Structures are given as C-alpha cells and as structure tokens.
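Each remark here refers to the structure printed beneath this line.
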Amino acid sequence: MKKEIVVGVTGASGAIYARRLLDVLCRDATVHIIVSDIASKIAAHEGISFDGLDAEYHPNDKLFASIASGSHPYDGMVIIPCSSKTLAAIANGFADNLITRTADVCLKEHRTCILVTRETPLSRIHLKNMLAAQEAGATIMPASPGFYNRPEKIEDLVDMVVARVLDHLGVKHSIGQRWGGTDA
C-alpha cells in the first residue's frame, strides 16, 4: 500500500532539500504539498521550483483541507526546511496556518512528524523549542550532512539528509550511501 505523506516547506534557506525529497516521494507515495508564501520566495531566489510534481497542492491558508483533520489517515509529515518561526509555532501549539495545523494533527494523532531545521547558530530559544517539539513527539532532524562518504557535489550532501528523512518515514529508497563501517 502506498504511503501518504504531507510535505510542508517553510521560510528557511534549503529549498533544495524539499525538492529532492518531493522528487523521491512523488514516485511511490501519495503526496500533499504545502508551501508557505515566504518559502516560495526563498525557493525562487535559490533557483528551486515546486511545479510539475505528481502531488496535491494545498494553500497554506486553507485550514479546511482534508489533511487538517485527524480523521484523514495520512502516514506522516515532514517540514523541510523548517523555519525557526514554524518550529516555535509547533512547539507551542500555535496552529494558525495549514502547515502548523497539520503538524499539530500529526503530534496529537501520534504520527511521524519530522522537522528538518536549518537555522544556525541556535539560540537558547531555538533549543528550548526543539526540545518542546521533540517531547511532543516530533523528530528534530537538522539539515546536517556527514562527510564520511566523501561527497563530491552538493547533490551528494542533499541526498544524505533526504535519505535520513526517508528512513524515518519508513520509505524505501536507493539514494545516498549508507555507512558500511571501516576496519580502522
């Protein structure tokens, strides 16, 4: 059975992560996309488009969307990238748009909710919000690629982060390179 995943894109740099995740998910899953207004502007600035994907698009102000209800049985949600503002809203139960409402539903229904944060450095407020969101059931996954596989291009770094997101969603994939250990 196909997984049904919601992908929210918020106003932090890193739209390339969202686009790569969507490219992979749209092959084998039912996907809902919500892009905030500022995320659209940042993505355009970064040269990323979310057009042309086999997915259902939802405006961020459409709180009557099916995914805003706990009775809609999707498997999970990823917010990638997740801005500090969105993190704060989720951590504090402030569901004033479709992205934060859907994340709120994920948490209350005990579904997978992954927040791919992009801010650096982190303030005490960011850290407290991350802890609060994690305690509520979210997985906090900073976009922090490793270098043990000796990446050669930006896409290799992006794939490492996206592969970890897919792993946590339980979506089978063949992107990225898994750590195989070493004899050292």
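Chain labels follow the order of the structure tokens: the first chain is A, the next B, and so on; residue numbering restarts at 1 in every chain, and ligands are counted from 1 in their shown order.
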
Give me the segment 87-153 of chain A side of the contact with segment 29-39 of chain A, cut-off 12 Å, one line per residue showing its nearest atom pair and distance in Å at one decimal, counting only C-alpha atoms, sorted by chain and residue number, as JSON lines.
{"residue": "A:Asn97", "atom": "CA", "partner": "A:Ser36", "partner_atom": "CA", "distance": 9.0}
{"residue": "A:Leu98", "atom": "CA", "partner": "A:Ile34", "partner_atom": "CA", "distance": 7.5}
{"residue": "A:Ile99", "atom": "CA", "partner": "A:Ile34", "partner_atom": "CA", "distance": 6.6}
{"residue": "A:Thr100", "atom": "CA", "partner": "A:Ile34", "partner_atom": "CA", "distance": 10.4}
{"residue": "A:Arg101", "atom": "CA", "partner": "A:Ile34", "partner_atom": "CA", "distance": 11.4}
{"residue": "A:Thr102", "atom": "CA", "partner": "A:Ile34", "partner_atom": "CA", "distance": 9.9}
{"residue": "A:Ala103", "atom": "CA", "partner": "A:Ile34", "partner_atom": "CA", "distance": 11.5}

Looking only at strand (DSSP E or B) from DSSP on the backbone, list the matching residues of segment 1-182 of chain A as a ChimeraX atom specification.
/A:4-9,30-35,56-58,76-82,112-117,139-140

Have a look at A:Met160, A:Ala68, A:Ile154, A:Ile16 and name the one nearest to Ser174 of chain A; count only C-alpha atoms.
A:Met160

Looking at only C-alpha atoms, which of A:Ile90, A:Glu152, A:Thr10, A:Ile175 is the one that sits closest to Ile140 of chain A?
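Looking only at the distances to Ile140 of chain A, the closest residue turns out to be A:Ile90.
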
Extract, using only C-alpha atoms, all DNA, RNA and protein residues at most 7 Å from segment 106-110 of chain A, discarding same-chain residues fewer than 6 positions from it, and format them as a PyMOL selection string.
chain A and resi 70+76+136-138

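Remark: for Gly11 of chain A, the closest of the candidate residues A:Ser83, A:Thr182, A:Thr117, A:Ser71 is A:Ser83 (distances computed over only C-alpha atoms).
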
Just want the 12 Å neighbourhood of Phe147 of chain A, counted on only C-alpha atoms, with same-chain residues fewer than 5 positions away dropped. Output as a compact mmCIF listing (two decimals) with all heavy atoms, in the first residue's frame.
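Result file is result-v5.txt:
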# COMPACT_ATOMS: atom_id res chain seq x y z
N GLU A 152 31.06 14.50 -3.38
CA GLU A 152 31.77 15.21 -4.45
C GLU A 152 31.00 16.41 -4.97
O GLU A 152 31.57 17.26 -5.64
CB GLU A 152 32.06 14.24 -5.59
CG GLU A 152 33.01 13.12 -5.17
CD GLU A 152 33.28 12.14 -6.29
OE1 GLU A 152 32.82 12.37 -7.43
OE2 GLU A 152 33.97 11.15 -6.02
N LYS A 153 29.70 16.46 -4.69
CA LYS A 153 28.89 17.58 -5.17
C LYS A 153 27.78 17.87 -4.17
O LYS A 153 27.51 17.07 -3.28
CB LYS A 153 28.34 17.29 -6.57
CG LYS A 153 27.60 15.98 -6.71
CD LYS A 153 27.35 15.66 -8.19
CE LYS A 153 26.52 14.45 -8.39
NZ LYS A 153 27.00 13.19 -8.01
N ILE A 154 27.16 19.01 -4.33
CA ILE A 154 26.10 19.44 -3.41
C ILE A 154 24.99 18.39 -3.35
O ILE A 154 24.46 18.11 -2.28
CB ILE A 154 25.56 20.82 -3.81
CG1 ILE A 154 26.61 21.89 -3.50
CG2 ILE A 154 24.25 21.13 -3.10
CD1 ILE A 154 26.27 23.27 -3.99
N ASP A 156 25.14 15.26 -3.43
CA ASP A 156 25.51 14.18 -2.52
C ASP A 156 25.18 14.55 -1.07
O ASP A 156 24.72 13.72 -0.29
CB ASP A 156 27.01 13.85 -2.62
CG ASP A 156 27.42 13.33 -3.98
OD1 ASP A 156 26.56 12.78 -4.70
OD2 ASP A 156 28.61 13.47 -4.32
N LEU A 157 25.42 15.80 -0.72
CA LEU A 157 25.12 16.29 0.63
C LEU A 157 23.61 16.33 0.86
O LEU A 157 23.11 15.95 1.91
CB LEU A 157 25.73 17.67 0.86
CG LEU A 157 27.26 17.72 0.79
CD1 LEU A 157 27.74 19.17 0.76
CD2 LEU A 157 27.88 16.97 1.94
N VAL A 158 22.88 16.81 -0.15
CA VAL A 158 21.43 16.87 -0.07
C VAL A 158 20.86 15.46 0.08
O VAL A 158 20.00 15.21 0.93
CB VAL A 158 20.84 17.58 -1.31
CG1 VAL A 158 19.32 17.44 -1.36
CG2 VAL A 158 21.24 19.05 -1.32
N ASP A 159 21.35 14.53 -0.73
CA ASP A 159 20.85 13.15 -0.66
C ASP A 159 21.07 12.52 0.71
O ASP A 159 20.25 11.73 1.16
CB ASP A 159 21.50 12.29 -1.74
CG ASP A 159 20.83 12.44 -3.10
OD1 ASP A 159 19.83 13.18 -3.20
OD2 ASP A 159 21.32 11.81 -4.06
N MET A 160 22.17 12.86 1.37
CA MET A 160 22.42 12.29 2.69
C MET A 160 21.32 12.70 3.68
O MET A 160 20.81 11.87 4.43
CB MET A 160 23.78 12.68 3.22
CG MET A 160 24.04 12.14 4.60
SD MET A 160 25.71 12.46 5.10
CE MET A 160 26.14 10.81 5.60
N VAL A 161 20.94 13.96 3.66
CA VAL A 161 19.89 14.45 4.55
C VAL A 161 18.54 13.85 4.15
O VAL A 161 17.78 13.35 4.99
CB VAL A 161 19.84 15.99 4.54
CG1 VAL A 161 18.61 16.51 5.28
CG2 VAL A 161 21.12 16.57 5.15
N GLY A 176 21.60 8.20 -1.75
CA GLY A 176 22.61 8.32 -0.72
C GLY A 176 23.41 7.03 -0.58
O GLY A 176 23.13 6.02 -1.22
N GLN A 177 24.39 7.09 0.26
CA GLN A 177 25.25 5.94 0.51
C GLN A 177 25.23 5.66 1.99
O GLN A 177 25.50 6.53 2.79
CB GLN A 177 26.66 6.24 0.02
CG GLN A 177 27.61 5.09 0.14
CD GLN A 177 29.00 5.49 -0.39
OE1 GLN A 177 29.20 6.54 -0.97
NE2 GLN A 177 29.95 4.62 -0.15
N ARG A 178 24.93 4.44 2.37
CA ARG A 178 24.89 4.09 3.79
C ARG A 178 26.29 3.82 4.31
O ARG A 178 27.16 3.37 3.58
CB ARG A 178 24.00 2.87 4.00
CG ARG A 178 22.55 3.16 3.64
CD ARG A 178 21.64 2.03 4.10
NE ARG A 178 20.28 2.28 3.68
CZ ARG A 178 19.42 3.07 4.32
NH1 ARG A 178 19.77 3.69 5.40
NH2 ARG A 178 18.19 3.23 3.86
N TRP A 179 26.48 4.07 5.58
CA TRP A 179 27.74 3.81 6.23
C TRP A 179 27.94 2.30 6.29
O TRP A 179 27.07 1.56 6.73
CB TRP A 179 27.76 4.41 7.63
CG TRP A 179 28.99 4.09 8.42
CD1 TRP A 179 29.06 3.31 9.53
CD2 TRP A 179 30.32 4.55 8.18
NE1 TRP A 179 30.35 3.27 10.00
CE2 TRP A 179 31.15 4.01 9.16
CE3 TRP A 179 30.89 5.36 7.20
CZ2 TRP A 179 32.52 4.25 9.22
CZ3 TRP A 179 32.26 5.59 7.26
CH2 TRP A 179 33.04 5.05 8.25

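Picture a line from atom CA of Thr139 of chain A to atom CA of Gly93 of chain A; it runs 15.7 Å.
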
So that I can check the surroundings of Leu87 of chain A, please list as a list in words every protein, DNA and RNA residue that reaches within 9 Å of it, counting only C-alpha atoms and ignoring chain neighbours fewer than 6 positions away.
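Listed by chain and then number, they are Thr100, Leu115, Thr117, His126, Asn129, Met130 and Ala133 of chain A.
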
Put those residues in a file: N, CA and C atoms, as an mmCIF file, in the first residue's frame.
data_model
loop_
_atom_site.group_PDB
_atom_site.id
_atom_site.type_symbol
_atom_site.label_atom_id
_atom_site.label_comp_id
_atom_site.auth_asym_id
_atom_site.auth_seq_id
_atom_site.Cartn_x
_atom_site.Cartn_y
_atom_site.Cartn_z
ATOM 1 N N THR A 100 1.271 24.431 10.206
ATOM 2 C CA THR A 100 1.331 24.212 11.659
ATOM 3 C C THR A 100 0.127 23.414 12.155
ATOM 4 N N LEU A 115 10.816 17.491 11.601
ATOM 5 C CA LEU A 115 11.123 18.903 11.396
ATOM 6 C C LEU A 115 12.593 19.010 11.005
ATOM 7 N N THR A 117 15.214 21.235 10.522
ATOM 8 C CA THR A 117 15.589 22.607 10.837
ATOM 9 C C THR A 117 16.832 23.022 10.063
ATOM 10 N N HIS A 126 15.673 28.642 20.422
ATOM 11 C CA HIS A 126 15.578 27.579 19.415
ATOM 12 C C HIS A 126 15.716 26.209 20.071
ATOM 13 N N ASN A 129 12.656 25.282 22.011
ATOM 14 C CA ASN A 129 11.565 24.924 21.103
ATOM 15 C C ASN A 129 11.798 23.543 20.492
ATOM 16 N N MET A 130 13.038 23.230 20.155
ATOM 17 C CA MET A 130 13.340 21.894 19.636
ATOM 18 C C MET A 130 13.012 20.830 20.678
ATOM 19 N N ALA A 133 9.195 20.491 21.028
ATOM 20 C CA ALA A 133 8.614 19.774 19.884
ATOM 21 C C ALA A 133 8.950 18.286 19.966
#

Please, which residues of segment 32-170 of chain A, numbered as in this document, come out alpha helix (DSSP H) from DSSP, as a ChimeraX atom specification?
/A:37-45,84-91,98-108,124-135,154-169

Which distance in Å separates atom CA of Asn60 of chain A and atom CA of Glu119 of chain A, to one decimal?
21.6 Å

Which one is closest to Val105 of chain A: A:Ile79, A:Ile67, A:Ile48, A:Leu25? Count only C-alpha atoms.
A:Ile67
